[in-house]
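Data block for protein21.cif (mmCIF, C-alpha atoms and all ligand atoms):
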data_data
#
loop_
_atom_site.label_atom_id
_atom_site.label_comp_id
_atom_site.auth_asym_id
_atom_site.auth_seq_id
_atom_site.Cartn_x
_atom_site.Cartn_y
_atom_site.Cartn_z
CA MET A 1 -25.60 -145.63 151.19
CA THR A 2 -27.00 -148.89 149.88
CA GLN A 3 -25.67 -152.08 151.38
CA ALA A 4 -23.68 -154.35 149.07
CA ALA A 5 -25.42 -157.63 148.30
CA SER A 6 -24.56 -160.75 150.31
CA VAL A 7 -22.54 -163.25 148.33
CA VAL A 8 -22.31 -165.79 151.14
CA SER A 9 -24.64 -165.71 154.10
CA ALA A 10 -24.46 -168.30 156.88
CA LYS A 11 -26.70 -168.41 159.93
CA ASN A 12 -26.34 -170.98 162.68
CA LEU A 13 -24.61 -173.17 160.15
CA CYS A 14 -23.67 -176.60 161.50
CA LEU A 15 -21.99 -179.55 159.87
CA THR A 16 -21.32 -182.79 161.71
CA TYR A 17 -19.44 -185.61 160.00
CA GLN A 18 -20.68 -189.04 160.99
CA ALA A 19 -17.36 -190.79 161.50
CA ASN A 20 -17.21 -194.46 162.53
CA ASP A 21 -16.34 -193.92 166.18
CA ALA A 22 -17.68 -190.48 167.19
CA PRO A 23 -19.35 -187.61 165.30
CA VAL A 24 -17.01 -184.74 164.31
CA HIS A 25 -18.48 -181.28 164.77
CA ALA A 26 -16.64 -179.59 161.92
CA LEU A 27 -18.81 -176.43 161.94
CA SER A 28 -20.84 -175.28 164.91
CA ASN A 29 -23.26 -172.33 164.74
CA VAL A 30 -21.31 -170.33 162.18
CA ASP A 31 -22.76 -166.86 161.43
CA LEU A 32 -21.10 -164.95 158.62
CA ASP A 33 -22.03 -162.45 155.97
CA VAL A 34 -19.72 -161.99 152.98
CA LYS A 35 -20.56 -158.94 150.85
CA LYS A 36 -19.91 -158.46 147.17
CA GLY A 37 -16.30 -157.35 146.64
CA ASP A 38 -15.10 -158.53 150.07
CA PHE A 39 -11.79 -160.32 150.49
CA VAL A 40 -12.43 -162.66 153.41
CA SER A 41 -9.71 -164.78 154.99
CA PHE A 42 -10.35 -167.78 157.20
CA ILE A 43 -7.58 -168.46 159.67
CA GLY A 44 -7.27 -171.07 162.39
CA PRO A 45 -5.40 -174.25 163.31
CA SER A 46 -5.72 -177.45 161.37
CA GLY A 47 -9.10 -179.14 161.82
CA CYS A 48 -11.15 -176.02 162.67
CA GLY A 49 -13.42 -176.46 159.66
CA LYS A 50 -11.94 -174.00 157.12
CA THR A 51 -11.96 -176.44 154.21
CA THR A 52 -15.35 -177.75 155.29
CA PHE A 53 -16.80 -174.23 155.15
CA LEU A 54 -15.49 -173.66 151.60
CA ARG A 55 -16.84 -177.06 150.57
CA VAL A 56 -20.30 -176.20 151.94
CA ILE A 57 -20.27 -172.95 149.92
CA ALA A 58 -19.24 -174.95 146.84
CA ASP A 59 -21.94 -177.60 147.43
CA LEU A 60 -19.29 -180.30 147.79
CA GLU A 61 -20.53 -180.99 151.33
CA LYS A 62 -24.07 -180.66 152.77
CA LYS A 63 -24.87 -178.71 155.95
CA THR A 64 -26.37 -180.62 158.88
CA SER A 65 -28.52 -177.69 160.05
CA GLY A 66 -28.82 -173.91 159.90
CA ASP A 67 -28.87 -171.73 156.78
CA ILE A 68 -26.41 -171.01 154.00
CA SER A 69 -26.98 -169.07 150.80
CA VAL A 70 -24.64 -168.26 147.92
CA ASN A 71 -25.62 -165.33 145.70
CA GLY A 72 -29.05 -165.56 147.34
CA MET A 73 -29.47 -169.19 146.23
CA THR A 74 -28.94 -172.60 147.74
CA PRO A 75 -25.36 -173.84 147.24
CA GLU A 76 -26.72 -176.40 144.78
CA ASP A 77 -28.41 -173.77 142.61
CA ALA A 78 -25.33 -171.56 142.87
CA ARG A 79 -23.12 -174.44 141.74
CA LYS A 80 -25.40 -175.09 138.77
CA ALA A 81 -25.24 -171.38 137.92
CA ARG A 82 -21.41 -171.64 138.05
CA ALA A 83 -21.25 -169.08 140.84
CA TYR A 84 -17.67 -169.81 141.88
CA GLY A 85 -14.17 -170.83 140.89
CA TYR A 86 -12.28 -173.13 143.29
CA VAL A 87 -8.52 -173.14 143.84
CA PHE A 88 -7.27 -176.17 145.74
CA GLN A 89 -4.36 -176.35 148.14
CA ALA A 90 -2.14 -178.30 145.74
CA PRO A 91 -2.10 -177.03 142.15
CA ALA A 92 -3.81 -180.26 140.97
CA LEU A 93 -2.77 -179.80 137.35
CA TYR A 94 -2.64 -182.81 135.04
CA PRO A 95 1.03 -183.42 134.16
CA TRP A 96 0.19 -184.78 130.70
CA ARG A 97 -1.76 -181.68 129.69
CA THR A 98 -0.21 -178.35 128.75
CA ILE A 99 -1.15 -175.27 130.77
CA GLU A 100 -3.76 -174.20 128.24
CA LYS A 101 -5.21 -177.72 128.11
CA ASN A 102 -5.39 -177.83 131.90
CA ILE A 103 -7.34 -174.57 131.97
CA SER A 104 -9.47 -175.78 129.10
CA LEU A 105 -10.54 -179.04 130.76
CA PRO A 106 -13.39 -177.78 132.98
CA LEU A 107 -14.57 -175.59 130.09
CA GLU A 108 -14.63 -178.64 127.80
CA ILE A 109 -16.56 -180.63 130.39
CA MET A 110 -19.11 -177.83 130.54
CA ASN A 111 -19.39 -177.70 126.76
CA TYR A 112 -18.00 -174.23 126.12
CA ALA A 113 -17.40 -173.73 122.38
CA ALA A 114 -13.78 -173.85 121.18
CA ASP A 115 -13.65 -170.13 120.30
CA ASP A 116 -15.05 -169.14 123.66
CA ARG A 117 -12.58 -171.46 125.40
CA ARG A 118 -9.62 -169.89 123.60
CA LYS A 119 -10.76 -166.39 124.58
CA ARG A 120 -11.32 -167.33 128.21
CA ILE A 121 -7.96 -169.13 128.48
CA ALA A 122 -6.13 -166.10 127.04
CA GLU A 123 -7.89 -163.72 129.44
CA ALA A 124 -7.27 -165.90 132.48
CA LEU A 125 -3.57 -166.36 131.64
CA ASP A 126 -3.23 -162.62 131.17
CA LEU A 127 -4.79 -161.97 134.60
CA VAL A 128 -2.22 -164.18 136.35
CA GLY A 129 0.75 -163.04 134.23
CA LEU A 130 1.28 -166.35 132.40
CA THR A 131 0.77 -165.21 128.82
CA GLY A 132 3.31 -167.11 126.68
CA PHE A 133 3.26 -170.25 128.82
CA GLU A 134 0.24 -171.84 127.09
CA LYS A 135 2.18 -174.74 125.57
CA LYS A 136 4.31 -175.57 128.62
CA PHE A 137 3.64 -178.59 130.77
CA PRO A 138 3.09 -178.08 134.53
CA TRP A 139 6.43 -179.70 135.40
CA GLN A 140 8.21 -177.06 133.28
CA LEU A 141 6.94 -174.31 135.60
CA SER A 142 8.01 -173.32 139.14
CA GLY A 143 5.69 -174.01 142.09
CA GLY A 144 4.51 -170.41 142.11
CA MET A 145 3.75 -170.48 138.39
CA GLN A 146 1.86 -173.75 138.75
CA GLN A 147 -0.26 -172.17 141.44
CA ARG A 148 -0.91 -169.18 139.16
CA ALA A 149 -2.02 -171.63 136.47
CA SER A 150 -4.49 -173.22 138.85
CA ILE A 151 -5.79 -169.74 139.72
CA ALA A 152 -6.18 -169.09 135.99
CA ARG A 153 -8.18 -172.31 135.69
CA ALA A 154 -10.53 -171.10 138.45
CA LEU A 155 -10.80 -167.68 136.77
CA ALA A 156 -11.70 -169.08 133.36
CA PHE A 157 -15.41 -169.35 134.25
CA ASP A 158 -15.36 -165.66 135.11
CA ALA A 159 -17.41 -166.37 138.25
CA ASP A 160 -17.79 -163.47 140.69
CA LEU A 161 -16.76 -165.63 143.64
CA LEU A 162 -13.35 -167.24 144.09
CA LEU A 163 -12.85 -169.91 146.77
CA MET A 164 -9.17 -170.43 147.58
CA ASP A 165 -7.99 -173.11 150.02
CA GLU A 166 -4.44 -172.31 151.21
CA PRO A 167 -3.33 -171.66 147.64
CA PHE A 168 0.13 -170.41 148.63
CA GLY A 169 0.69 -172.66 151.67
CA ALA A 170 3.39 -174.77 150.03
CA LEU A 171 5.39 -171.86 148.58
CA ASP A 172 8.41 -170.12 150.06
CA GLU A 173 7.89 -166.72 151.64
CA ILE A 174 9.41 -164.65 148.82
CA VAL A 175 7.20 -166.24 146.18
CA ARG A 176 4.22 -166.01 148.51
CA ASP A 177 4.78 -162.27 149.10
CA HIS A 178 4.88 -161.72 145.38
CA LEU A 179 1.73 -163.74 144.72
CA ASN A 180 -0.05 -161.95 147.58
CA GLU A 181 0.64 -158.62 145.86
CA GLU A 182 -0.47 -160.02 142.51
CA LEU A 183 -3.65 -161.46 143.98
CA LEU A 184 -4.58 -158.11 145.52
CA LYS A 185 -4.11 -156.43 142.14
CA LEU A 186 -6.18 -159.10 140.44
CA TRP A 187 -8.91 -158.67 143.07
CA SER A 188 -9.09 -154.91 142.63
CA ARG A 189 -9.02 -155.17 138.82
CA THR A 190 -11.75 -157.81 138.60
CA ASN A 191 -13.89 -156.76 141.58
CA LYS A 192 -14.37 -160.37 142.61
CA THR A 193 -15.41 -161.63 146.01
CA ILE A 194 -12.74 -163.89 147.49
CA CYS A 195 -12.92 -166.45 150.32
CA PHE A 196 -9.35 -167.39 151.17
CA VAL A 197 -8.08 -170.00 153.65
CA THR A 198 -4.67 -169.50 155.22
CA HIS A 199 -2.48 -170.46 158.18
CA SER A 200 -0.48 -167.27 157.97
CA ILE A 201 -1.38 -164.24 160.10
CA PRO A 202 0.55 -161.70 157.92
CA GLU A 203 -1.04 -163.13 154.78
CA ALA A 204 -4.55 -162.88 156.25
CA VAL A 205 -4.02 -159.31 157.47
CA TYR A 206 -2.33 -158.15 154.28
CA LEU A 207 -5.00 -159.50 151.94
CA SER A 208 -8.30 -159.17 153.72
CA THR A 209 -11.13 -156.73 154.17
CA LYS A 210 -12.53 -159.19 156.72
CA ILE A 211 -10.69 -161.80 158.78
CA VAL A 212 -12.58 -164.75 160.24
CA VAL A 213 -10.72 -166.36 163.15
CA MET A 214 -11.71 -169.98 163.77
CA SER A 215 -10.99 -172.62 166.38
CA PRO A 216 -11.43 -176.42 166.48
CA ARG A 217 -13.44 -179.04 168.42
CA PRO A 218 -16.07 -177.94 167.69
CA GLY A 219 -15.14 -175.92 164.59
CA ARG A 220 -16.44 -172.40 165.19
CA VAL A 221 -15.81 -168.71 164.56
CA THR A 222 -14.19 -166.95 167.51
CA ASP A 223 -13.69 -163.47 166.03
CA ILE A 224 -14.55 -161.52 162.88
CA ILE A 225 -12.36 -158.50 162.19
CA ASP A 226 -13.37 -155.84 159.67
CA SER A 227 -10.07 -154.44 158.49
CA PRO A 228 -9.55 -150.67 158.66
CA LEU A 229 -6.67 -150.88 156.15
CA PRO A 230 -7.16 -149.15 152.77
CA ARG A 231 -7.79 -151.39 149.74
CA GLU A 232 -4.61 -150.15 148.09
CA ARG A 233 -1.80 -151.92 149.99
CA PRO A 234 1.91 -151.81 149.26
CA LEU A 235 3.82 -154.72 150.91
CA ASP A 236 5.45 -152.40 153.45
CA ILE A 237 2.03 -151.67 154.96
CA ARG A 238 2.95 -154.74 157.01
CA GLU A 239 5.26 -152.60 159.14
CA THR A 240 2.64 -149.99 160.08
CA PRO A 241 1.10 -149.84 163.58
CA GLU A 242 -2.41 -150.38 162.12
CA PHE A 243 -1.29 -153.61 160.49
CA LEU A 244 0.46 -154.87 163.63
CA GLU A 245 -2.59 -154.07 165.72
CA ILE A 246 -4.84 -156.24 163.54
CA ALA A 247 -2.23 -159.02 163.53
CA HIS A 248 -2.19 -158.82 167.32
CA ARG A 249 -5.97 -159.17 167.49
CA VAL A 250 -5.88 -162.22 165.20
CA ARG A 251 -3.20 -163.79 167.41
CA GLU A 252 -5.32 -163.13 170.52
CA GLY A 253 -8.34 -164.71 168.82
CA LEU A 254 -6.33 -167.80 167.94
CA ARG A 255 -5.03 -168.07 171.48
CA ALA A 256 -8.51 -167.66 173.01
CA GLY A 257 -9.78 -170.46 170.76
CA HIS A 258 -6.93 -172.66 171.86
CA SER A 259 -7.44 -172.22 175.63
CA TYR A 260 -11.09 -173.24 175.16
CA GLU A 261 -9.89 -176.83 174.81
CA HIS A 262 -8.20 -176.99 178.19
P1 LIG A 301 -9.30 -177.42 158.25
O1 LIG A 301 -9.46 -177.19 156.79
O2 LIG A 301 -9.57 -176.20 159.08
O3 LIG A 301 -8.00 -178.05 158.63
P2 LIG A 301 -11.39 -179.42 157.85
O4 LIG A 301 -12.59 -178.64 157.42
O5 LIG A 301 -10.63 -180.14 156.82
O6 LIG A 301 -10.44 -178.47 158.71
O7 LIG A 301 -11.84 -180.48 158.94
C1 LIG A 301 -12.59 -180.15 160.10
C2 LIG A 301 -12.76 -181.40 160.97
O8 LIG A 301 -13.60 -182.35 160.28
C3 LIG A 301 -11.45 -182.14 161.26
O9 LIG A 301 -11.54 -182.67 162.55
C4 LIG A 301 -11.44 -183.24 160.21
O10 LIG A 301 -10.71 -184.35 160.66
C5 LIG A 301 -12.91 -183.58 160.07
N1 LIG A 301 -13.28 -184.05 158.73
C6 LIG A 301 -13.08 -183.44 157.54
N2 LIG A 301 -13.59 -184.13 156.52
C7 LIG A 301 -14.15 -185.25 157.07
C8 LIG A 301 -14.85 -186.38 156.55
N3 LIG A 301 -15.12 -186.50 155.23
N4 LIG A 301 -15.28 -187.32 157.43
C9 LIG A 301 -15.04 -187.21 158.75
N5 LIG A 301 -14.40 -186.17 159.32
C10 LIG A 301 -13.95 -185.20 158.50
MG MG A 302 -8.09 -177.48 155.19
#
Rewrite the coordinates I just gave you, this time as structure tokens.
Ligand code: ADP
Ligand code: MG
Amino acid sequence: MTQAASVVSAKNLCLTYQANDAPVHALSNVDLDVKKGDFVSFIGPSGCGKTTFLRVIADLEKKTSGDISVNGMTPEDARKARAYGYVFQAPALYPWRTIEKNISLPLEIMNYAADDRRKRIAEALDLVGLTGFEKKFPWQLSGGMQQRASIARALAFDADLLLMDEPFGALDEIVRDHLNEELLKLWSRTNKTICFVTHSIPEAVYLSTKIVVMSPRPGRVTDIIDSPLPRERPLDIRETPEFLEIAHRVREGLRAGHSYEH
């Protein structure tokens, strides 16, 4: 069997922020290999470097030392090749632009032709189930629908890699469950590679093929779990012993990271 290609590969990756008082070691010796088609979740308490890691992949932040490649390139070259779509924690939609105009904005900035933009917007809205909401303004949609719109915006480039920073963190559990199911369907339909930040153990276990457990001060990886769950996952898989076993291991990893501080 041939090995799938690495989409993100980090070796001994370190990033230290030079703050005014003392340096902050946001990432310390991170080793990680994300393969094409993986769904990787990053879980850990606030301040363990999850956002920093996504930002290094996206070339929004520069490593201090070590190695990082994205699609076999430097993050800068990958960014220029439009290797990824980025979904931020808050929907970050412009209230004065309709949904289609919000999705269109990055495409306009990158000089996509009008016809191409229309086609991409229609496809992205279809993927997130928002067809028919093109002319609505963000404030006319529920929180969950706004977050779908921001996912559509990230999908419009049709990049193979999606970076998602706690996209459902602000939503209630019922909406989150639903969007988790939808995201899994979208992932299997589009065959994308997803790096997903979350605070929720059930969300991480439900969604992921690989779970990266992190801990703070210094920000580091304490456990990497390759999920034995099948790719096809009904919501009630969350009550199976296999699921609960993985959730248990994540919890142990989080606890071990915590006791390190004391
Ligand atoms: P997480 O997303 O896991 O909550 P972050 O990656 O945002 O963590 O932050 C990791 C650590 O780096 C935290 O201690 C945070 O305060 C610090 N940090 C993040 N961004 C900066 C910055 N621009 N300058 C200084 N420190 C930062
Ligand atoms: Mg964060």
Among listed residues A:Glu252, A:Pro75, A:Leu235, A:Tyr17, nearest Leu60 (chain A) (using all atoms listed in the file):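 Checking each candidate against Leu60 (chain A), we get A:Pro75 as the closest.
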Within 10 Å of ligand LIG 301 (chain A) (all atoms listed in the file), residues as a VMD selection string: chain A and resid 15 to 20 22 to 27 42 to 56 61 165 to 166 197 to 199 214 to 220
Counting all atoms listed in the file, the option among A:Val221, A:Ala83, A:Glu173, A:Leu186 closest to Ala124 (chain A):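 Counting all atoms listed in the file, the residue closest to Ala124 (chain A) is A:Leu186.
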Nearest residue to ligand MG 302 (chain A) from the set A:Arg249, A:Asn191, A:Ala90, A:Asn180 (distances using only C-alpha atoms and all ligand atoms):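 Using only C-alpha atoms and all ligand atoms, the shortest distance to ligand MG 302 (chain A) belongs to A:Ala90.
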d(CA of Ser41 (chain A), CA of Met164 (chain A)) in Å: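 CA of Met164 (chain A) lies 9.3 Å from CA of Ser41 (chain A).
Omitting Phe39 (chain A) and its sequence neighbours fewer than 5 positions away, and counting all atoms listed in the file, the residues within 8 Å are Thr193, Ile194, Cys195, Phe196, Leu207, Ser208, Thr209 and Lys210 of chain A.
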Selected residues, C-alpha atoms, written as a short mmCIF file (atom, residue, chain, number, x, y, z; two decimals), in the coordinates of the input, please.
data_model
loop_
_atom_site.label_atom_id
_atom_site.label_comp_id
_atom_site.auth_asym_id
_atom_site.auth_seq_id
_atom_site.Cartn_x
_atom_site.Cartn_y
_atom_site.Cartn_z
CA THR A 193 -15.41 -161.63 146.01
CA ILE A 194 -12.74 -163.89 147.49
CA CYS A 195 -12.92 -166.45 150.32
CA PHE A 196 -9.35 -167.39 151.17
CA LEU A 207 -5.00 -159.50 151.94
CA SER A 208 -8.30 -159.17 153.72
CA THR A 209 -11.13 -156.73 154.17
CA LYS A 210 -12.53 -159.19 156.72
#
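If all atoms listed in the file are the atoms counted, then among A:Arg231, A:Lys136, A:Arg153, A:Arg238 the closest residue to Glu203 (chain A) is A:Arg238.
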One-decimal distance in Å that lies between CA of Glu181 (chain A) and CA of Gly144 (chain A):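 Going from CA of Gly144 (chain A) over to CA of Glu181 (chain A), I get 13.0 Å.
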Residue among A:Gly169, A:Ile68, A:Ala58, A:Thr131 lying closest to ligand MG 302 (chain A), counting only C-alpha atoms and all ligand atoms: A:Gly169
Residue nearest Arg79 (chain A) - candidates A:Glu100, A:Gly253, A:Ser6, A:Ala159, atoms counted: all atoms listed in the file: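 Ranked by minimum distance to Arg79 (chain A), first place goes to A:Ala159.
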Atomic separation - CA of Arg117 (chain A) relative to CA of Gln147 (chain A), Å: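 Between CA of Gln147 (chain A) and CA of Arg117 (chain A) the gap works out to 20.2 Å.
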Once 4 Å is added on each side, what centre and edge lengths in Å to one decimal does the axis-aligned box around all listed atoms of region 3-18 of chain A have, as JSON?
{"center_x": -23.1, "center_y": -170.6, "center_z": 155.5, "size_x": 15.3, "size_y": 45.0, "size_z": 22.4}
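Shown here are all protein and nucleic acid residues lying within 6 Å of (-12.8, -170.9, 146.4), with all atoms listed in the file considered: Gly85, Tyr86, Val87, Leu162, Leu163, Met164 and Cys195 of chain A.
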Please extract region 203-228 of chain A and write it out with N, CA, C and O atoms, as a PDB file, in the first residue's frame.
ATOM      1  N   GLU A 203     -16.663  16.301  20.495  1.00  0.00           N
ATOM      2  CA  GLU A 203     -16.535  16.815  19.136  1.00  0.00           C
ATOM      3  C   GLU A 203     -15.255  16.292  18.483  1.00  0.00           C
ATOM      4  O   GLU A 203     -15.264  15.826  17.339  1.00  0.00           O
ATOM      5  N   ALA A 204     -14.146  16.349  19.224  1.00  0.00           N
ATOM      6  CA  ALA A 204     -12.860  15.873  18.683  1.00  0.00           C
ATOM      7  C   ALA A 204     -12.944  14.391  18.331  1.00  0.00           C
ATOM      8  O   ALA A 204     -12.502  13.958  17.264  1.00  0.00           O
ATOM      9  N   VAL A 205     -13.531  13.595  19.223  1.00  0.00           N
ATOM     10  CA  VAL A 205     -13.562  12.142  18.998  1.00  0.00           C
ATOM     11  C   VAL A 205     -14.526  11.795  17.871  1.00  0.00           C
ATOM     12  O   VAL A 205     -14.247  10.929  17.045  1.00  0.00           O
ATOM     13  N   TYR A 206     -15.648  12.508  17.818  1.00  0.00           N
ATOM     14  CA  TYR A 206     -16.643  12.222  16.788  1.00  0.00           C
ATOM     15  C   TYR A 206     -16.105  12.521  15.393  1.00  0.00           C
ATOM     16  O   TYR A 206     -16.332  11.773  14.435  1.00  0.00           O
ATOM     17  N   LEU A 207     -15.368  13.644  15.257  1.00  0.00           N
ATOM     18  CA  LEU A 207     -14.985  14.100  13.929  1.00  0.00           C
ATOM     19  C   LEU A 207     -13.703  13.472  13.380  1.00  0.00           C
ATOM     20  O   LEU A 207     -13.565  13.320  12.170  1.00  0.00           O
ATOM     21  N   SER A 208     -12.769  13.112  14.263  1.00  0.00           N
ATOM     22  CA  SER A 208     -11.389  12.986  13.806  1.00  0.00           C
ATOM     23  C   SER A 208     -10.939  11.599  13.398  1.00  0.00           C
ATOM     24  O   SER A 208     -11.392  10.594  13.945  1.00  0.00           O
ATOM     25  N   THR A 209      -9.975  11.585  12.456  1.00  0.00           N
ATOM     26  CA  THR A 209      -9.209  10.362  12.220  1.00  0.00           C
ATOM     27  C   THR A 209      -7.961  10.382  13.091  1.00  0.00           C
ATOM     28  O   THR A 209      -7.364   9.352  13.345  1.00  0.00           O
ATOM     29  N   LYS A 210      -7.576  11.578  13.531  1.00  0.00           N
ATOM     30  CA  LYS A 210      -6.393  11.736  14.378  1.00  0.00           C
ATOM     31  C   LYS A 210      -6.663  12.857  15.367  1.00  0.00           C
ATOM     32  O   LYS A 210      -7.167  13.915  14.978  1.00  0.00           O
ATOM     33  N   ILE A 211      -6.367  12.612  16.641  1.00  0.00           N
ATOM     34  CA  ILE A 211      -6.598  13.625  17.674  1.00  0.00           C
ATOM     35  C   ILE A 211      -5.258  14.006  18.294  1.00  0.00           C
ATOM     36  O   ILE A 211      -4.517  13.139  18.775  1.00  0.00           O
ATOM     37  N   VAL A 212      -4.968  15.301  18.268  1.00  0.00           N
ATOM     38  CA  VAL A 212      -3.709  15.795  18.811  1.00  0.00           C
ATOM     39  C   VAL A 212      -4.024  16.485  20.140  1.00  0.00           C
ATOM     40  O   VAL A 212      -4.741  17.486  20.170  1.00  0.00           O
ATOM     41  N   VAL A 213      -3.521  15.904  21.240  1.00  0.00           N
ATOM     42  CA  VAL A 213      -3.785  16.458  22.568  1.00  0.00           C
ATOM     43  C   VAL A 213      -2.620  17.372  22.932  1.00  0.00           C
ATOM     44  O   VAL A 213      -1.453  16.972  22.834  1.00  0.00           O
ATOM     45  N   MET A 214      -2.958  18.614  23.317  1.00  0.00           N
ATOM     46  CA  MET A 214      -1.901  19.595  23.599  1.00  0.00           C
ATOM     47  C   MET A 214      -1.989  20.119  25.022  1.00  0.00           C
ATOM     48  O   MET A 214      -3.020  20.012  25.670  1.00  0.00           O
ATOM     49  N   SER A 215      -0.869  20.673  25.496  1.00  0.00           N
ATOM     50  CA  SER A 215      -0.888  21.254  26.836  1.00  0.00           C
ATOM     51  C   SER A 215      -0.018  22.512  26.854  1.00  0.00           C
ATOM     52  O   SER A 215       0.883  22.670  26.028  1.00  0.00           O
ATOM     53  N   PRO A 216      -0.322  23.452  27.773  1.00  0.00           N
ATOM     54  CA  PRO A 216       0.338  24.766  27.733  1.00  0.00           C
ATOM     55  C   PRO A 216       1.610  24.884  28.570  1.00  0.00           C
ATOM     56  O   PRO A 216       1.901  24.009  29.372  1.00  0.00           O
ATOM     57  N   ARG A 217       2.312  26.006  28.335  1.00  0.00           N
ATOM     58  CA  ARG A 217       3.476  26.458  29.140  1.00  0.00           C
ATOM     59  C   ARG A 217       4.516  25.378  29.352  1.00  0.00           C
ATOM     60  O   ARG A 217       4.654  24.912  30.463  1.00  0.00           O
ATOM     61  N   PRO A 218       5.317  25.027  28.385  1.00  0.00           N
ATOM     62  CA  PRO A 218       5.261  25.497  27.006  1.00  0.00           C
ATOM     63  C   PRO A 218       4.210  24.737  26.206  1.00  0.00           C
ATOM     64  O   PRO A 218       3.880  23.599  26.560  1.00  0.00           O
ATOM     65  N   GLY A 219       3.688  25.349  25.136  1.00  0.00           N
ATOM     66  CA  GLY A 219       2.712  24.687  24.283  1.00  0.00           C
ATOM     67  C   GLY A 219       3.350  23.480  23.607  1.00  0.00           C
ATOM     68  O   GLY A 219       4.374  23.599  22.946  1.00  0.00           O
ATOM     69  N   ARG A 220       2.780  22.309  23.832  1.00  0.00           N
ATOM     70  CA  ARG A 220       3.373  21.096  23.241  1.00  0.00           C
ATOM     71  C   ARG A 220       2.312  20.022  23.042  1.00  0.00           C
ATOM     72  O   ARG A 220       1.212  20.115  23.600  1.00  0.00           O
ATOM     73  N   VAL A 221       2.692  18.997  22.274  1.00  0.00           N
ATOM     74  CA  VAL A 221       1.793  17.878  22.016  1.00  0.00           C
ATOM     75  C   VAL A 221       2.070  16.802  23.054  1.00  0.00           C
ATOM     76  O   VAL A 221       3.210  16.373  23.218  1.00  0.00           O
ATOM     77  N   THR A 222       1.015  16.372  23.768  1.00  0.00           N
ATOM     78  CA  THR A 222       1.234  15.333  24.788  1.00  0.00           C
ATOM     79  C   THR A 222       0.769  13.958  24.325  1.00  0.00           C
ATOM     80  O   THR A 222       1.195  12.951  24.863  1.00  0.00           O
ATOM     81  N   ASP A 223      -0.115  13.908  23.329  1.00  0.00           N
ATOM     82  CA  ASP A 223      -0.559  12.595  22.838  1.00  0.00           C
ATOM     83  C   ASP A 223      -1.122  12.768  21.427  1.00  0.00           C
ATOM     84  O   ASP A 223      -1.702  13.822  21.115  1.00  0.00           O
ATOM     85  N   ILE A 224      -0.910  11.761  20.589  1.00  0.00           N
ATOM     86  CA  ILE A 224      -1.530  11.747  19.265  1.00  0.00           C
ATOM     87  C   ILE A 224      -2.264  10.411  19.140  1.00  0.00           C
ATOM     88  O   ILE A 224      -1.668   9.348  19.297  1.00  0.00           O
ATOM     89  N   ILE A 225      -3.565  10.495  18.919  1.00  0.00           N
ATOM     90  CA  ILE A 225      -4.386   9.281  18.888  1.00  0.00           C
ATOM     91  C   ILE A 225      -4.899   9.053  17.467  1.00  0.00           C
ATOM     92  O   ILE A 225      -5.586   9.908  16.906  1.00  0.00           O
ATOM     93  N   ASP A 226      -4.541   7.924  16.877  1.00  0.00           N
ATOM     94  CA  ASP A 226      -5.104   7.554  15.579  1.00  0.00           C
ATOM     95  C   ASP A 226      -6.398   6.811  15.842  1.00  0.00           C
ATOM     96  O   ASP A 226      -6.398   5.749  16.460  1.00  0.00           O
ATOM     97  N   SER A 227      -7.503   7.389  15.384  1.00  0.00           N
ATOM     98  CA  SER A 227      -8.808   6.840  15.743  1.00  0.00           C
ATOM     99  C   SER A 227      -9.101   5.535  15.016  1.00  0.00           C
ATOM    100  O   SER A 227      -8.943   5.444  13.801  1.00  0.00           O
ATOM    101  N   PRO A 228      -9.565   4.523  15.764  1.00  0.00           N
ATOM    102  CA  PRO A 228      -9.982   3.265  15.120  1.00  0.00           C
ATOM    103  C   PRO A 228     -11.423   3.312  14.614  1.00  0.00           C
ATOM    104  O   PRO A 228     -11.890   2.342  14.013  1.00  0.00           O
TER     105      PRO A 228
END
